[in-house]
>>> print(open('structure_32.txt').read())   # compact mmCIF, C-alpha atoms
# COMPACT_ATOMS: atom_id res chain seq x y z
CA VAL V 16 24.30 -4.92 31.82
CA TYR V 17 27.11 -5.15 34.35
CA THR V 18 26.23 -7.04 37.53
CA VAL V 19 27.92 -8.53 40.57
CA PRO V 20 25.46 -11.40 41.16
CA VAL V 21 27.29 -13.22 43.96
CA HIS V 22 28.55 -11.74 47.26
CA HIS V 23 28.04 -8.26 45.82
CA ASN V 24 30.50 -5.47 46.56
CA PRO V 25 29.59 -3.69 48.84
CA THR V 26 26.26 -5.22 49.96
CA GLY V 27 27.31 -8.89 50.16
CA VAL V 28 23.98 -9.87 48.56
CA THR V 29 23.72 -12.86 46.21
CA MET V 30 21.22 -12.80 43.34
CA SER V 31 18.81 -15.75 43.61
CA ASN V 32 18.43 -18.29 40.81
CA PRO V 33 14.92 -17.03 39.90
CA LYS V 34 16.27 -13.47 39.58
CA ARG V 35 19.14 -14.75 37.45
CA GLU V 36 16.66 -16.46 35.14
CA ARG V 37 14.57 -13.28 34.97
CA LEU V 38 17.64 -11.23 34.05
CA LEU V 39 18.38 -13.67 31.21
CA LYS V 40 14.80 -13.37 29.94
CA LEU V 41 15.13 -9.59 29.93
CA ALA V 42 18.46 -9.86 28.06
CA LYS V 43 16.75 -11.85 25.32
CA GLN V 44 13.67 -9.64 25.25
CA TYR V 45 15.65 -6.38 24.99
CA ASP V 46 18.66 -7.83 23.14
CA PHE V 47 21.49 -7.00 25.53
CA LYS V 48 24.51 -8.84 26.89
CA ILE V 49 25.35 -9.40 30.55
CA VAL V 50 28.79 -9.05 32.09
CA ALA V 51 28.66 -10.96 35.38
CA ASP V 52 31.55 -9.97 37.63
CA GLU V 53 31.77 -13.14 39.69
CA ALA V 54 35.08 -12.50 41.43
CA TYR V 55 33.69 -13.86 44.72
CA GLN V 56 31.84 -16.89 43.29
CA LEU V 57 34.25 -19.39 44.85
CA LEU V 58 34.71 -17.55 48.17
CA ASN V 59 31.84 -19.00 50.23
CA PHE V 60 31.34 -19.33 53.98
CA CYS V 61 28.43 -21.71 53.33
CA PRO V 62 26.97 -23.15 50.12
CA SER V 63 25.62 -20.27 48.01
CA GLY V 64 23.03 -22.37 46.19
CA VAL V 65 23.77 -20.58 42.93
CA LEU V 66 25.92 -21.33 39.92
CA PRO V 67 27.72 -18.75 37.80
CA LEU V 68 25.31 -16.82 35.57
CA PHE V 69 26.85 -18.64 32.59
CA TYR V 70 25.00 -21.84 33.59
CA HIS V 71 21.66 -20.05 33.21
CA ASP V 72 22.54 -18.92 29.67
CA ASP V 73 21.12 -20.43 26.46
CA PRO V 74 23.91 -21.79 24.21
CA ALA V 75 21.69 -21.22 21.16
CA ASP V 76 21.33 -17.50 21.98
CA PRO V 77 24.12 -16.68 24.46
CA ARG V 78 24.04 -13.46 26.46
CA VAL V 79 26.41 -13.94 29.41
CA PHE V 80 30.09 -13.31 30.04
CA SER V 81 30.86 -14.72 33.52
CA ILE V 82 34.14 -13.22 34.66
CA GLY V 83 36.32 -14.51 37.48
CA THR V 84 39.69 -13.60 38.94
CA PHE V 85 42.38 -15.27 40.99
CA ALA V 86 43.17 -11.88 42.57
CA LYS V 87 40.29 -12.29 45.05
CA LEU V 88 41.09 -15.95 45.73
CA ILE V 89 44.89 -15.96 46.03
CA GLY V 90 46.04 -12.36 46.36
CA PRO V 91 45.71 -8.93 44.74
CA GLY V 92 48.97 -9.29 42.80
CA THR V 93 47.64 -12.31 40.93
CA LYS V 94 46.58 -10.55 37.76
CA VAL V 95 45.04 -13.59 36.08
CA GLY V 96 41.36 -14.16 35.48
CA TRP V 97 38.98 -15.97 33.19
CA VAL V 98 35.89 -15.51 31.07
CA GLN V 99 33.26 -18.23 31.02
CA ALA V 100 30.87 -17.95 28.08
CA HIS V 101 29.48 -19.97 25.21
CA PRO V 102 31.69 -20.25 22.09
CA ALA V 103 29.65 -17.74 20.07
CA LEU V 104 30.67 -15.07 22.59
CA LEU V 105 34.19 -16.35 23.31
CA ASN V 106 35.40 -16.83 19.74
CA PRO V 107 35.53 -13.10 18.87
CA LEU V 108 37.70 -12.49 21.95
CA GLN V 109 40.48 -14.62 20.42
CA GLY V 110 41.33 -11.83 18.01
CA ILE V 111 42.19 -9.38 20.78
CA GLY V 112 45.96 -8.92 20.56
CA PHE V 113 46.91 -8.89 24.23
CA ILE V 114 44.93 -12.09 24.85
CA ASN V 115 46.67 -13.96 22.04
CA SER V 116 50.14 -12.49 22.62
CA GLY V 117 53.14 -14.53 23.65
CA ASN V 118 54.39 -11.36 25.33
CA ASN V 119 51.46 -11.14 27.71
CA PRO V 120 52.86 -10.60 31.23
CA VAL V 121 50.46 -13.11 32.78
CA ILE V 122 51.80 -16.07 30.77
CA PHE V 123 54.31 -16.92 33.51
CA ALA V 124 51.74 -16.49 36.29
CA SER V 125 49.23 -18.57 34.30
CA SER V 126 51.66 -21.47 34.03
CA MET V 127 52.24 -21.38 37.81
CA LEU V 128 48.48 -21.24 38.42
CA LYS V 129 47.98 -24.24 36.17
CA GLN V 130 50.24 -26.25 38.49
CA PHE V 131 48.54 -24.83 41.59
CA ILE V 132 45.15 -25.92 40.26
CA ALA V 133 46.30 -29.34 39.00
CA SER V 134 47.96 -30.14 42.34
CA GLY V 135 44.69 -29.59 44.21
CA ASN V 136 46.29 -26.81 46.24
CA LEU V 137 43.96 -24.11 44.90
CA ALA V 138 40.93 -26.01 46.24
CA LYS V 139 42.68 -26.45 49.62
CA HIS V 140 43.61 -22.76 49.67
CA ILE V 141 40.05 -21.65 48.88
CA ALA V 142 38.67 -23.95 51.61
CA TYR V 143 41.15 -22.55 54.15
CA VAL V 144 40.60 -18.91 53.21
CA SER V 145 36.81 -19.31 53.14
CA ALA V 146 36.78 -20.91 56.60
CA ASP V 147 39.14 -18.28 58.06
CA LEU V 148 37.28 -15.32 56.53
CA GLY V 149 33.97 -16.86 57.61
CA LYS V 150 35.14 -16.84 61.25
CA LYS V 151 36.31 -13.23 60.96
CA LYS V 152 33.02 -12.23 59.33
CA ASP V 153 31.04 -13.91 62.14
CA ARG V 154 33.03 -12.00 64.76
CA LEU V 155 32.62 -8.71 62.89
CA VAL V 156 28.85 -9.22 62.51
CA ASP V 157 28.50 -10.10 66.22
CA GLU V 158 30.50 -7.04 67.33
CA LEU V 159 28.55 -4.70 65.04
CA LYS V 160 25.27 -6.01 66.45
CA LYS V 161 26.55 -5.40 70.00
CA ILE V 162 26.98 -1.70 69.28
CA GLY V 163 23.48 -1.41 67.84
CA LEU V 164 24.09 -1.64 64.10
CA GLU V 165 22.28 -3.96 61.69
CA PRO V 166 24.86 -5.76 59.56
CA ASN V 167 23.88 -8.20 56.86
CA ASN V 168 25.32 -11.69 57.29
CA PRO V 169 26.84 -12.49 53.90
CA GLY V 170 27.43 -16.06 52.78
CA GLY V 171 30.78 -15.20 51.21
CA GLY V 172 32.95 -12.51 49.70
CA TYR V 173 34.68 -9.68 51.56
CA PHE V 174 31.86 -7.28 52.42
CA VAL V 175 29.48 -6.70 55.32
CA TRP V 176 26.78 -4.08 54.69
CA LEU V 177 25.39 -2.04 57.58
CA LYS V 178 22.05 -0.44 58.34
CA PRO V 179 22.67 2.30 60.92
CA LYS V 180 19.43 1.90 62.98
CA GLY V 181 19.26 5.66 63.42
CA LYS V 182 22.91 5.96 64.41
CA THR V 183 25.41 7.94 62.43
CA THR V 184 28.86 6.83 61.48
CA GLY V 185 31.76 9.19 61.96
CA ARG V 186 31.15 12.39 63.92
CA SER V 187 28.33 13.73 61.80
CA GLY V 188 27.35 10.87 59.51
CA LYS V 189 28.22 13.09 56.52
CA GLY V 190 30.60 12.08 53.79
CA MET V 191 34.17 12.98 54.56
CA SER V 192 36.57 15.08 52.48
CA LEU V 193 39.06 17.89 53.04
CA GLU V 194 36.74 20.44 51.43
CA THR V 195 33.16 19.35 51.91
CA ASP V 196 31.79 22.43 50.12
CA ALA V 197 33.54 21.33 46.91
CA PHE V 198 31.56 18.08 47.03
CA ALA V 199 28.25 19.37 48.44
CA GLY V 200 26.31 18.43 45.30
CA TYR V 201 27.64 14.88 45.35
CA MET V 202 27.09 13.94 49.00
>>> encode(input="structure_32.txt", output="structure tokens")
Amino acid sequence: VYTVPVHHNPTGVTMSNPKRERLLKLAKQYDFKIVADEAYQLLNFCPSGVLPLFYHDDPADPRVFSIGTFAKLIGPGTKVGWVQAHPALLNPLQGIGFINSGNNPVIFASSMLKQFIASGNLAKHIAYVSADLGKKKDRLVDELKKIGLEPNNPGGGYFVWLKPKGKTTGRSGKGMSLETDAFAGYM
């Protein structure tokens, strides 16, 4: 199962701890793995109250790959991320050639990120960006409410989801494309 359990794209919703635990129970019951795309886990406007899905996993019967990225925290060109999982799930990944290659293009970026993290500057950067984006999100939510829309008020991430309250967006509220007839069955 692929999930975005924190500051979901596009809804901004965060999966509660009880729902996370239920998902893990289902993974054990039906014998499946979970890929938790947690790119926005560290980008919070207020405390999220949840830990990465990895922390809900059972080390004796692991099911979860929690995946993060610096691209959402530092900038889109930062093509470095991480996988957080118990050793039984991580160990097989070591044999993947591009992960264990000295020619991997992210080696240089990884060494710079190591310094950025060790210096404490990543934590400062995340705090700054979270505060700044939180202010922008608050303004956006307020302005959307003023025009009669119902935005959610996410606790982090980059997305604000709208309920139209009977209003349409765009001229007609229909999906937009150059040839709408070509996409009629998909809209």
>>> residues_around(input="structure_32.txt", residues="region 159-171 of chain V", least_positions_apart="4", cutoff="10 Å", atoms="all atoms listed in the file", output="PyMOL selection string")
chain V and resi 21-23+26-29+55-63+145-146+148-149+152-155+175-183
>>> atom_distance(input="structure_32.txt", atom1="CA of His71 (chain V)", atom2="CA of Leu88 (chain V)")
23.5 Å
>>> closest_residue(input="structure_32.txt", among="V:Ala138, V:Val19, V:Val121, V:Ala75", to="Trp97 (chain V)", atoms="all atoms listed in the file")
V:Val121
>>> atom_distance(input="structure_32.txt", atom1="CA of Ile132 (chain V)", atom2="CA of Lys87 (chain V)")
15.2 Å
>>> closest_residue(input="structure_32.txt", among="V:Arg78, V:Lys150, V:Lys43, V:Arg35", to="Ala103 (chain V)", atoms="only C-alpha atoms")
V:Arg78
